[in-house]
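work_34.cif (mmCIF, C-alpha atoms, pLDDT in the B column; chains and numbers go by the auth columns)
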data_query
#
loop_
_atom_site.group_PDB
_atom_site.id
_atom_site.type_symbol
_atom_site.label_atom_id
_atom_site.label_comp_id
_atom_site.label_asym_id
_atom_site.label_seq_id
_atom_site.Cartn_x
_atom_site.Cartn_y
_atom_site.Cartn_z
_atom_site.B_iso_or_equiv
_atom_site.auth_seq_id
_atom_site.auth_asym_id
ATOM 1 C CA GLN A 1 -116.444 15.189 -157.516 81.00 1 A
ATOM 2 C CA VAL A 2 -120.091 14.604 -158.232 87.00 2 A
ATOM 3 C CA GLN A 3 -122.610 16.460 -160.324 95.00 3 A
ATOM 4 C CA LEU A 4 -126.211 16.678 -159.191 96.00 4 A
ATOM 5 C CA VAL A 5 -128.811 17.427 -161.835 95.00 5 A
ATOM 6 C CA GLU A 6 -132.348 18.302 -160.771 96.00 6 A
ATOM 7 C CA SER A 7 -135.460 17.968 -162.885 95.00 7 A
ATOM 8 C CA GLY A 8 -139.205 18.154 -162.472 95.00 8 A
ATOM 9 C CA GLY A 9 -139.771 21.721 -161.332 92.00 9 A
ATOM 10 C CA GLY A 10 -142.307 24.024 -162.869 96.00 10 A
ATOM 11 C CA LEU A 11 -145.662 25.650 -162.317 97.00 11 A
ATOM 12 C CA ALA A 12 -148.504 23.981 -160.446 97.00 12 A
ATOM 13 C CA GLN A 13 -151.794 25.030 -158.936 98.00 13 A
ATOM 14 C CA ALA A 14 -152.360 25.119 -155.195 98.00 14 A
ATOM 15 C CA GLY A 15 -153.483 21.693 -154.076 98.00 15 A
ATOM 16 C CA GLY A 16 -151.634 20.043 -156.927 98.00 16 A
ATOM 17 C CA SER A 17 -148.576 17.834 -157.072 98.00 17 A
ATOM 18 C CA LEU A 18 -145.068 17.884 -158.479 98.00 18 A
ATOM 19 C CA ARG A 19 -142.239 15.390 -158.412 98.00 19 A
ATOM 20 C CA LEU A 20 -138.631 16.498 -158.314 98.00 20 A
ATOM 21 C CA SER A 21 -135.779 14.199 -159.232 98.00 21 A
ATOM 22 C CA CYS A 22 -132.038 14.501 -158.770 98.00 22 A
ATOM 23 C CA ALA A 23 -129.503 12.369 -160.581 97.00 23 A
ATOM 24 C CA ALA A 24 -125.984 11.975 -159.202 95.00 24 A
ATOM 25 C CA SER A 25 -123.067 11.403 -161.556 95.00 25 A
ATOM 26 C CA SER A 26 -120.976 9.367 -159.108 90.00 26 A
ATOM 27 C CA PRO A 27 -122.381 6.064 -157.838 89.00 27 A
ATOM 28 C CA ASN A 28 -119.627 5.794 -155.250 88.00 28 A
ATOM 29 C CA ILE A 29 -120.350 9.167 -153.712 86.00 29 A
ATOM 30 C CA PHE A 30 -124.103 8.686 -153.934 90.00 30 A
ATOM 31 C CA SER A 31 -123.891 5.440 -151.995 88.00 31 A
ATOM 32 C CA LEU A 32 -122.054 7.168 -149.140 89.00 32 A
ATOM 33 C CA ALA A 33 -124.082 10.365 -149.002 93.00 33 A
ATOM 34 C CA SER A 34 -127.103 11.500 -147.126 97.00 34 A
ATOM 35 C CA MET A 35 -129.242 13.146 -149.776 97.00 35 A
ATOM 36 C CA GLY A 36 -131.492 16.084 -149.255 98.00 36 A
ATOM 37 C CA TRP A 37 -133.699 18.718 -150.819 98.00 37 A
ATOM 38 C CA TYR A 38 -133.410 22.327 -149.773 98.00 38 A
ATOM 39 C CA ARG A 39 -135.331 25.350 -150.958 98.00 39 A
ATOM 40 C CA GLN A 40 -134.816 29.062 -151.053 98.00 40 A
ATOM 41 C CA ALA A 41 -137.595 31.549 -151.537 97.00 41 A
ATOM 42 C CA PRO A 42 -136.912 35.172 -152.551 92.00 42 A
ATOM 43 C CA GLY A 43 -135.586 37.143 -149.605 95.00 43 A
ATOM 44 C CA LYS A 44 -135.314 34.090 -147.390 97.00 44 A
ATOM 45 C CA GLU A 45 -132.530 31.787 -146.302 97.00 45 A
ATOM 46 C CA ARG A 46 -132.076 28.363 -147.777 97.00 46 A
ATOM 47 C CA GLU A 47 -133.870 25.764 -145.678 98.00 47 A
ATOM 48 C CA LEU A 48 -133.919 22.016 -145.443 98.00 48 A
ATOM 49 C CA VAL A 49 -137.079 20.470 -146.859 98.00 49 A
ATOM 50 C CA ALA A 50 -136.341 16.768 -146.541 98.00 50 A
ATOM 51 C CA SER A 51 -133.408 14.415 -146.242 98.00 51 A
ATOM 52 C CA ILE A 52 -132.722 10.709 -146.460 98.00 52 A
ATOM 53 C CA THR A 53 -129.681 8.860 -145.170 96.00 53 A
ATOM 54 C CA LYS A 54 -127.893 6.130 -147.072 93.00 54 A
ATOM 55 C CA GLY A 55 -129.782 3.705 -144.848 94.00 55 A
ATOM 56 C CA GLY A 56 -133.144 5.204 -145.747 95.00 56 A
ATOM 57 C CA THR A 57 -133.942 7.211 -142.629 97.00 57 A
ATOM 58 C CA THR A 58 -135.953 10.281 -143.563 98.00 58 A
ATOM 59 C CA ASN A 59 -136.365 13.699 -142.026 98.00 59 A
ATOM 60 C CA TYR A 60 -138.813 16.462 -142.970 98.00 60 A
ATOM 61 C CA ALA A 61 -139.306 20.100 -142.203 98.00 61 A
ATOM 62 C CA ASP A 62 -142.440 20.616 -140.133 98.00 62 A
ATOM 63 C CA SER A 63 -143.941 22.724 -142.913 98.00 63 A
ATOM 64 C CA VAL A 64 -143.974 19.794 -145.357 98.00 64 A
ATOM 65 C CA LYS A 65 -144.663 16.813 -143.097 98.00 65 A
ATOM 66 C CA GLY A 66 -147.533 14.762 -144.420 98.00 66 A
ATOM 67 C CA ARG A 67 -147.375 16.476 -147.822 98.00 67 A
ATOM 68 C CA PHE A 68 -143.903 15.710 -149.176 98.00 68 A
ATOM 69 C CA SER A 69 -142.123 12.386 -149.447 98.00 69 A
ATOM 70 C CA ILE A 70 -138.456 11.747 -150.191 98.00 70 A
ATOM 71 C CA ASP A 71 -137.068 8.514 -151.539 98.00 71 A
ATOM 72 C CA ARG A 72 -133.832 7.328 -153.089 96.00 72 A
ATOM 73 C CA ASP A 73 -133.134 4.774 -155.790 95.00 73 A
ATOM 74 C CA ASN A 74 -129.645 3.515 -155.097 92.00 74 A
ATOM 75 C CA ALA A 75 -129.578 1.460 -158.294 93.00 75 A
ATOM 76 C CA LYS A 76 -130.163 4.592 -160.386 95.00 76 A
ATOM 77 C CA ASN A 77 -128.251 7.028 -158.138 95.00 77 A
ATOM 78 C CA MET A 78 -131.332 9.185 -157.845 97.00 78 A
ATOM 79 C CA VAL A 79 -133.252 10.917 -155.097 97.00 79 A
ATOM 80 C CA ASN A 80 -136.821 12.055 -155.570 98.00 80 A
ATOM 81 C CA LEU A 81 -139.152 14.435 -153.801 98.00 81 A
ATOM 82 C CA GLN A 82 -142.869 13.857 -154.241 98.00 82 A
ATOM 83 C CA MET A 83 -144.755 17.005 -153.355 98.00 83 A
ATOM 84 C CA THR A 84 -148.509 16.953 -152.838 98.00 84 A
ATOM 85 C CA SER A 85 -151.111 19.383 -151.514 98.00 85 A
ATOM 86 C CA LEU A 86 -148.888 22.185 -152.713 98.00 86 A
ATOM 87 C CA LYS A 87 -149.286 25.662 -151.304 98.00 87 A
ATOM 88 C CA PRO A 88 -148.223 29.060 -152.650 97.00 88 A
ATOM 89 C CA GLU A 89 -145.681 29.247 -149.822 97.00 89 A
ATOM 90 C CA ASP A 90 -143.914 26.222 -151.323 98.00 90 A
ATOM 91 C CA THR A 91 -142.779 28.494 -154.149 98.00 91 A
ATOM 92 C CA ALA A 92 -138.987 28.520 -154.190 98.00 92 A
ATOM 93 C CA VAL A 93 -135.901 27.290 -155.955 98.00 93 A
ATOM 94 C CA TYR A 94 -135.330 23.707 -154.870 98.00 94 A
ATOM 95 C CA TYR A 95 -131.796 22.377 -154.568 98.00 95 A
ATOM 96 C CA CYS A 96 -130.554 18.819 -154.388 98.00 96 A
ATOM 97 C CA ASN A 97 -127.815 18.209 -151.833 97.00 97 A
ATOM 98 C CA ALA A 98 -125.380 15.376 -151.228 96.00 98 A
ATOM 99 C CA HIS A 99 -123.925 15.488 -147.733 96.00 99 A
ATOM 100 C CA LEU A 100 -120.707 13.702 -146.926 93.00 100 A
ATOM 101 C CA VAL A 101 -118.333 13.923 -143.988 90.00 101 A
ATOM 102 C CA CYS A 102 -115.841 15.724 -146.237 89.00 102 A
ATOM 103 C CA GLY A 103 -118.334 18.265 -147.512 92.00 103 A
ATOM 104 C CA ASP A 104 -121.460 19.009 -149.485 94.00 104 A
ATOM 105 C CA TYR A 105 -122.380 18.995 -153.157 95.00 105 A
ATOM 106 C CA TRP A 106 -125.229 21.016 -154.629 97.00 106 A
ATOM 107 C CA GLY A 107 -127.287 20.929 -157.758 97.00 107 A
ATOM 108 C CA GLN A 108 -128.011 24.018 -159.807 96.00 108 A
ATOM 109 C CA GLY A 109 -131.571 24.311 -158.524 97.00 109 A
ATOM 110 C CA THR A 110 -134.987 24.003 -160.094 97.00 110 A
ATOM 111 C CA GLN A 111 -137.781 26.554 -159.816 98.00 111 A
ATOM 112 C CA VAL A 112 -141.088 25.515 -158.288 98.00 112 A
ATOM 113 C CA THR A 113 -143.930 28.007 -158.546 98.00 113 A
ATOM 114 C CA ILE A 114 -147.324 27.386 -156.984 98.00 114 A
ATOM 115 C CA ALA A 115 -150.214 29.516 -158.152 97.00 115 A
ATOM 116 C CA SER A 116 -153.091 30.227 -155.799 92.00 116 A
#
Show this structure as structure tokens.
Amino acid sequence: QVQLVESGGGLAQAGGSLRLSCAASSPNIFSLASMGWYRQAPGKERELVASITKGGTTNYADSVKGRFSIDRDNAKNMVNLQMTSLKPEDTAVYYCNAHLVCGDYWGQGTQVTIAS
């Protein structure tokens, strides 16, 4: 089992920046997992925003390429999402995800609201 705790959400203005962080409770699981950030806006399905493998390979949704950056700190068992040039359509609940062959773990989510 692993607990994922997100932090860093909140309210920002369009064009601004926010940084989300996710701390994993299990170093062993964190070291094996591909980590990702998903988001879900009201009335929409949850979608992948960005992911990073245990080896550091990253992947981004087209809608955030060039604006968001994901990184992981394996020493601190944390994954971060730096969000810049924010848009109102980035408003959503953002979820941290740990993906393993045996299954997925999710954080509780953190609200990100972008005002125009």
Report task. Name all residues at most 8 Å from stretch 90-97 of chain A (count all atoms listed in the file; drop same-chain ones fewer than 6 positions away) and give them as a list in words. Result ->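 After dropping sequence-adjacent residues, the list is Leu4, Val5, Glu6, Cys22, Met35, Gly36, Trp37, Tyr38, Arg39, Gln40, Ala41, Pro42, Asp104, Tyr105, Trp106, Gly107, Gln108, Gly109, Thr110, Gln111, Val112, Thr113 and Ile114 of chain A.
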Output file for the selection above: C-alpha atoms, as a PDB file, keeping the file's coordinate frame:
ATOM      1  CA  LEU A   4    -126.211  16.678-159.191  1.00 96.00           C
ATOM      2  CA  VAL A   5    -128.811  17.427-161.835  1.00 95.00           C
ATOM      3  CA  GLU A   6    -132.348  18.302-160.771  1.00 96.00           C
ATOM      4  CA  CYS A  22    -132.038  14.501-158.770  1.00 98.00           C
ATOM      5  CA  MET A  35    -129.242  13.146-149.776  1.00 97.00           C
ATOM      6  CA  GLY A  36    -131.492  16.084-149.255  1.00 98.00           C
ATOM      7  CA  TRP A  37    -133.699  18.718-150.819  1.00 98.00           C
ATOM      8  CA  TYR A  38    -133.410  22.327-149.773  1.00 98.00           C
ATOM      9  CA  ARG A  39    -135.331  25.350-150.958  1.00 98.00           C
ATOM     10  CA  GLN A  40    -134.816  29.062-151.053  1.00 98.00           C
ATOM     11  CA  ALA A  41    -137.595  31.549-151.537  1.00 97.00           C
ATOM     12  CA  PRO A  42    -136.912  35.172-152.551  1.00 92.00           C
ATOM     13  CA  ASP A 104    -121.460  19.009-149.485  1.00 94.00           C
ATOM     14  CA  TYR A 105    -122.380  18.995-153.157  1.00 95.00           C
ATOM     15  CA  TRP A 106    -125.229  21.016-154.629  1.00 97.00           C
ATOM     16  CA  GLY A 107    -127.287  20.929-157.758  1.00 97.00           C
ATOM     17  CA  GLN A 108    -128.011  24.018-159.807  1.00 96.00           C
ATOM     18  CA  GLY A 109    -131.571  24.311-158.524  1.00 97.00           C
ATOM     19  CA  THR A 110    -134.987  24.003-160.094  1.00 97.00           C
ATOM     20  CA  GLN A 111    -137.781  26.554-159.816  1.00 98.00           C
ATOM     21  CA  VAL A 112    -141.088  25.515-158.288  1.00 98.00           C
ATOM     22  CA  THR A 113    -143.930  28.007-158.546  1.00 98.00           C
ATOM     23  CA  ILE A 114    -147.324  27.386-156.984  1.00 98.00           C
TER      24      ILE A 114
END
Emit as AutoDock Vina command-line options the padded axis-aligned box for all listed atoms of stretch 44-56 of chain A, 5 Å per side, with centre and edge lengths in Å to one decimal.
--center_x -132.5 --center_y 18.9 --center_z -146.3 --size_x 19.2 --size_y 40.4 --size_z 12.9
Query raised in the report: Can you tell me, as number ranges by chain, what residues are no more than 8 Å from stretch 61-70 of chain A when counting only C-alpha atoms, ignoring any on the same chain fewer than 5 positions away?
Result: A: 48-52, 79-86
Suppose we keep C-alpha atoms; can you now write the selection as a PDB file, keeping the file's coordinate frame?
ATOM      1  CA  LEU A  48    -133.919  22.016-145.443  1.00 98.00           C
ATOM      2  CA  VAL A  49    -137.079  20.470-146.859  1.00 98.00           C
ATOM      3  CA  ALA A  50    -136.341  16.768-146.541  1.00 98.00           C
ATOM      4  CA  SER A  51    -133.408  14.415-146.242  1.00 98.00           C
ATOM      5  CA  ILE A  52    -132.722  10.709-146.460  1.00 98.00           C
ATOM      6  CA  VAL A  79    -133.252  10.917-155.097  1.00 97.00           C
ATOM      7  CA  ASN A  80    -136.821  12.055-155.570  1.00 98.00           C
ATOM      8  CA  LEU A  81    -139.152  14.435-153.801  1.00 98.00           C
ATOM      9  CA  GLN A  82    -142.869  13.857-154.241  1.00 98.00           C
ATOM     10  CA  MET A  83    -144.755  17.005-153.355  1.00 98.00           C
ATOM     11  CA  THR A  84    -148.509  16.953-152.838  1.00 98.00           C
ATOM     12  CA  SER A  85    -151.111  19.383-151.514  1.00 98.00           C
ATOM     13  CA  LEU A  86    -148.888  22.185-152.713  1.00 98.00           C
TER      14      LEU A  86
END
Query - Between atom CA of A:Val2 and atom CA of A:Ser25 - distance in Å to one decimal - result: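 So the answer is 5.5 Å.
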Report task. Could you tell me which of A:Arg72, A:Lys54, A:Lys87, A:Arg46 comes closest to A:Ala23 if we count only C-alpha atoms? Result ->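 Among A:Arg72, A:Lys54, A:Lys87, A:Arg46, it is A:Arg72 that comes nearest to A:Ala23.
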**Report entry** Best match for closeness to A:Met78 among A:Gly10, A:Gly56, A:Gly103, A:Pro27, counting all atoms listed in the file
**Finding:**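 Nearest candidate to A:Met78 out of A:Gly10, A:Gly56, A:Gly103, A:Pro27: A:Pro27.
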**Report entry** Residues in the PyMOL selection byres ((chain A and resi 18) around 8), expressed as a VMD selection string
**Finding:** chain A and resid 8 to 9 12 16 to 17 19 to 20 82 to 84
Could you write out the selected residues, including C-alpha atoms, as a PDB file, in the frame of the given file?
ATOM      1  CA  GLY A   8    -139.205  18.154-162.472  1.00 95.00           C
ATOM      2  CA  GLY A   9    -139.771  21.721-161.332  1.00 92.00           C
ATOM      3  CA  ALA A  12    -148.504  23.981-160.446  1.00 97.00           C
ATOM      4  CA  GLY A  16    -151.634  20.043-156.927  1.00 98.00           C
ATOM      5  CA  SER A  17    -148.576  17.834-157.072  1.00 98.00           C
ATOM      6  CA  ARG A  19    -142.239  15.390-158.412  1.00 98.00           C
ATOM      7  CA  LEU A  20    -138.631  16.498-158.314  1.00 98.00           C
ATOM      8  CA  GLN A  82    -142.869  13.857-154.241  1.00 98.00           C
ATOM      9  CA  MET A  83    -144.755  17.005-153.355  1.00 98.00           C
ATOM     10  CA  THR A  84    -148.509  16.953-152.838  1.00 98.00           C
TER      11      THR A  84
END
Query raised in the report: For the atom pair atom CA of A:Glu89 and atom CA of A:Gly15, what is the interatomic distance in Å to one decimal place?
Result: 11.7 Å
Query raised in the report: A:Gln1, A:Ser34, A:Asn74, A:Ser116: which is nearest A:Ala14, counting all atoms listed in the file?
Result: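 Of A:Gln1, A:Ser34, A:Asn74, A:Ser116, the one nearest A:Ala14, counting all atoms listed in the file, is A:Ser116.
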Query raised in the report: Quick one: of A:Ser31, A:Ser21, A:Ser7, A:Asn77, who's nearest to A:Thr53, counting all atoms listed in the file?
Result: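 Nearest to A:Thr53: A:Ser31.
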Requested in this report: Could you please determine the separation between atom CA of A:Phe30 and atom CA of A:Cys102 in Å, to one decimal place?
Outcome: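 Pair atom CA of A:Phe30 / atom CA of A:Cys102 returns 13.3 Å.
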Please export stretch 7-41 of chain A as an mmCIF file, in the first residue's frame, restricted to N, CA and C atoms.
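So the final result, stored in out-v3.cif, reads:
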data_model
loop_
_atom_site.group_PDB
_atom_site.id
_atom_site.type_symbol
_atom_site.label_atom_id
_atom_site.label_comp_id
_atom_site.auth_asym_id
_atom_site.auth_seq_id
_atom_site.Cartn_x
_atom_site.Cartn_y
_atom_site.Cartn_z
ATOM 1 N N SER A 7 -0.310 18.482 -2.808
ATOM 2 C CA SER A 7 -0.331 19.824 -2.248
ATOM 3 C C SER A 7 -0.017 20.816 -3.349
ATOM 4 N N GLY A 8 -0.351 22.080 -3.084
ATOM 5 C CA GLY A 8 0.030 23.137 -4.018
ATOM 6 C C GLY A 8 -1.080 23.662 -4.898
ATOM 7 N N GLY A 9 -2.266 23.110 -4.818
ATOM 8 C CA GLY A 9 -3.365 23.632 -5.621
ATOM 9 C C GLY A 9 -3.843 24.965 -5.091
ATOM 10 N N GLY A 10 -4.797 25.536 -5.786
ATOM 11 C CA GLY A 10 -5.359 26.802 -5.345
ATOM 12 C C GLY A 10 -5.856 27.627 -6.499
ATOM 13 N N LEU A 11 -5.942 28.918 -6.256
ATOM 14 C CA LEU A 11 -6.471 29.866 -7.239
ATOM 15 C C LEU A 11 -5.324 30.663 -7.844
ATOM 16 N N ALA A 12 -5.329 30.781 -9.164
ATOM 17 C CA ALA A 12 -4.333 31.590 -9.850
ATOM 18 C C ALA A 12 -5.000 32.352 -10.984
ATOM 19 N N GLN A 13 -4.348 33.390 -11.421
ATOM 20 C CA GLN A 13 -4.838 34.169 -12.551
ATOM 21 C C GLN A 13 -4.358 33.545 -13.855
ATOM 22 N N ALA A 14 -5.120 33.744 -14.912
ATOM 23 C CA ALA A 14 -4.672 33.298 -16.231
ATOM 24 C C ALA A 14 -3.312 33.914 -16.538
ATOM 25 N N GLY A 15 -2.434 33.086 -17.074
ATOM 26 C CA GLY A 15 -1.074 33.525 -17.349
ATOM 27 C C GLY A 15 -0.117 33.291 -16.202
ATOM 28 N N GLY A 16 -0.653 32.919 -15.049
ATOM 29 C CA GLY A 16 0.165 32.706 -13.876
ATOM 30 C C GLY A 16 0.717 31.292 -13.793
ATOM 31 N N SER A 17 1.266 30.989 -12.629
ATOM 32 C CA SER A 17 1.914 29.698 -12.412
ATOM 33 C C SER A 17 1.483 29.081 -11.088
ATOM 34 N N LEU A 18 1.508 27.777 -11.055
ATOM 35 C CA LEU A 18 1.307 27.004 -9.831
ATOM 36 C C LEU A 18 2.215 25.786 -9.880
ATOM 37 N N ARG A 19 2.570 25.303 -8.710
ATOM 38 C CA ARG A 19 3.379 24.094 -8.621
ATOM 39 C C ARG A 19 2.677 23.101 -7.721
ATOM 40 N N LEU A 20 2.398 21.935 -8.265
ATOM 41 C CA LEU A 20 1.782 20.862 -7.498
ATOM 42 C C LEU A 20 2.854 19.870 -7.074
ATOM 43 N N SER A 21 2.698 19.342 -5.875
ATOM 44 C CA SER A 21 3.612 18.323 -5.386
ATOM 45 C C SER A 21 2.824 17.136 -4.868
ATOM 46 N N CYS A 22 3.438 15.970 -4.954
ATOM 47 C CA CYS A 22 2.811 14.741 -4.475
ATOM 48 C C CYS A 22 3.869 13.945 -3.730
ATOM 49 N N ALA A 23 3.556 13.619 -2.491
ATOM 50 C CA ALA A 23 4.478 12.847 -1.667
ATOM 51 C C ALA A 23 3.951 11.424 -1.513
ATOM 52 N N ALA A 24 4.811 10.461 -1.757
ATOM 53 C CA ALA A 24 4.439 9.048 -1.620
ATOM 54 C C ALA A 24 4.958 8.496 -0.299
ATOM 55 N N SER A 25 4.131 7.687 0.347
ATOM 56 C CA SER A 25 4.485 7.182 1.681
ATOM 57 C C SER A 25 5.426 5.986 1.630
ATOM 58 N N SER A 26 5.518 5.327 0.474
ATOM 59 C CA SER A 26 6.320 4.111 0.374
ATOM 60 C C SER A 26 7.483 4.310 -0.602
ATOM 61 N N PRO A 27 8.692 4.407 -0.099
ATOM 62 C CA PRO A 27 9.843 4.554 -1.000
ATOM 63 C C PRO A 27 9.985 3.388 -1.981
ATOM 64 N N ASN A 28 9.688 2.202 -1.501
ATOM 65 C CA ASN A 28 9.845 1.019 -2.363
ATOM 66 C C ASN A 28 8.899 1.076 -3.558
ATOM 67 N N ILE A 29 7.657 1.408 -3.292
ATOM 68 C CA ILE A 29 6.682 1.488 -4.374
ATOM 69 C C ILE A 29 6.990 2.671 -5.280
ATOM 70 N N PHE A 30 7.359 3.790 -4.686
ATOM 71 C CA PHE A 30 7.674 4.971 -5.495
ATOM 72 C C PHE A 30 8.799 4.659 -6.480
ATOM 73 N N SER A 31 9.796 3.951 -6.042
ATOM 74 C CA SER A 31 10.946 3.682 -6.902
ATOM 75 C C SER A 31 10.594 2.794 -8.082
ATOM 76 N N LEU A 32 9.519 2.033 -7.978
ATOM 77 C CA LEU A 32 9.112 1.117 -9.039
ATOM 78 C C LEU A 32 8.067 1.718 -9.967
ATOM 79 N N ALA A 33 7.436 2.790 -9.530
ATOM 80 C CA ALA A 33 6.241 3.291 -10.214
ATOM 81 C C ALA A 33 6.555 4.347 -11.269
ATOM 82 N N SER A 34 5.745 4.322 -12.318
ATOM 83 C CA SER A 34 5.630 5.496 -13.164
ATOM 84 C C SER A 34 4.652 6.427 -12.460
ATOM 85 N N MET A 35 5.018 7.672 -12.350
ATOM 86 C CA MET A 35 4.179 8.643 -11.650
ATOM 87 C C MET A 35 3.514 9.575 -12.649
ATOM 88 N N GLY A 36 2.318 9.973 -12.305
ATOM 89 C CA GLY A 36 1.613 10.850 -13.236
ATOM 90 C C GLY A 36 0.686 11.812 -12.531
ATOM 91 N N TRP A 37 0.279 12.809 -13.278
ATOM 92 C CA TRP A 37 -0.756 13.764 -12.847
ATOM 93 C C TRP A 37 -1.914 13.669 -13.830
ATOM 94 N N TYR A 38 -3.089 13.512 -13.280
ATOM 95 C CA TYR A 38 -4.316 13.513 -14.055
ATOM 96 C C TYR A 38 -5.166 14.681 -13.585
ATOM 97 N N ARG A 39 -6.152 15.035 -14.384
ATOM 98 C CA ARG A 39 -7.092 16.066 -13.949
ATOM 99 C C ARG A 39 -8.494 15.720 -14.430
ATOM 100 N N GLN A 40 -9.436 16.241 -13.673
ATOM 101 C CA GLN A 40 -10.840 16.046 -14.028
ATOM 102 C C GLN A 40 -11.594 17.339 -13.810
ATOM 103 N N ALA A 41 -12.112 17.848 -14.894
ATOM 104 C CA ALA A 41 -12.932 19.065 -14.834
ATOM 105 C C ALA A 41 -14.397 18.660 -14.688
#
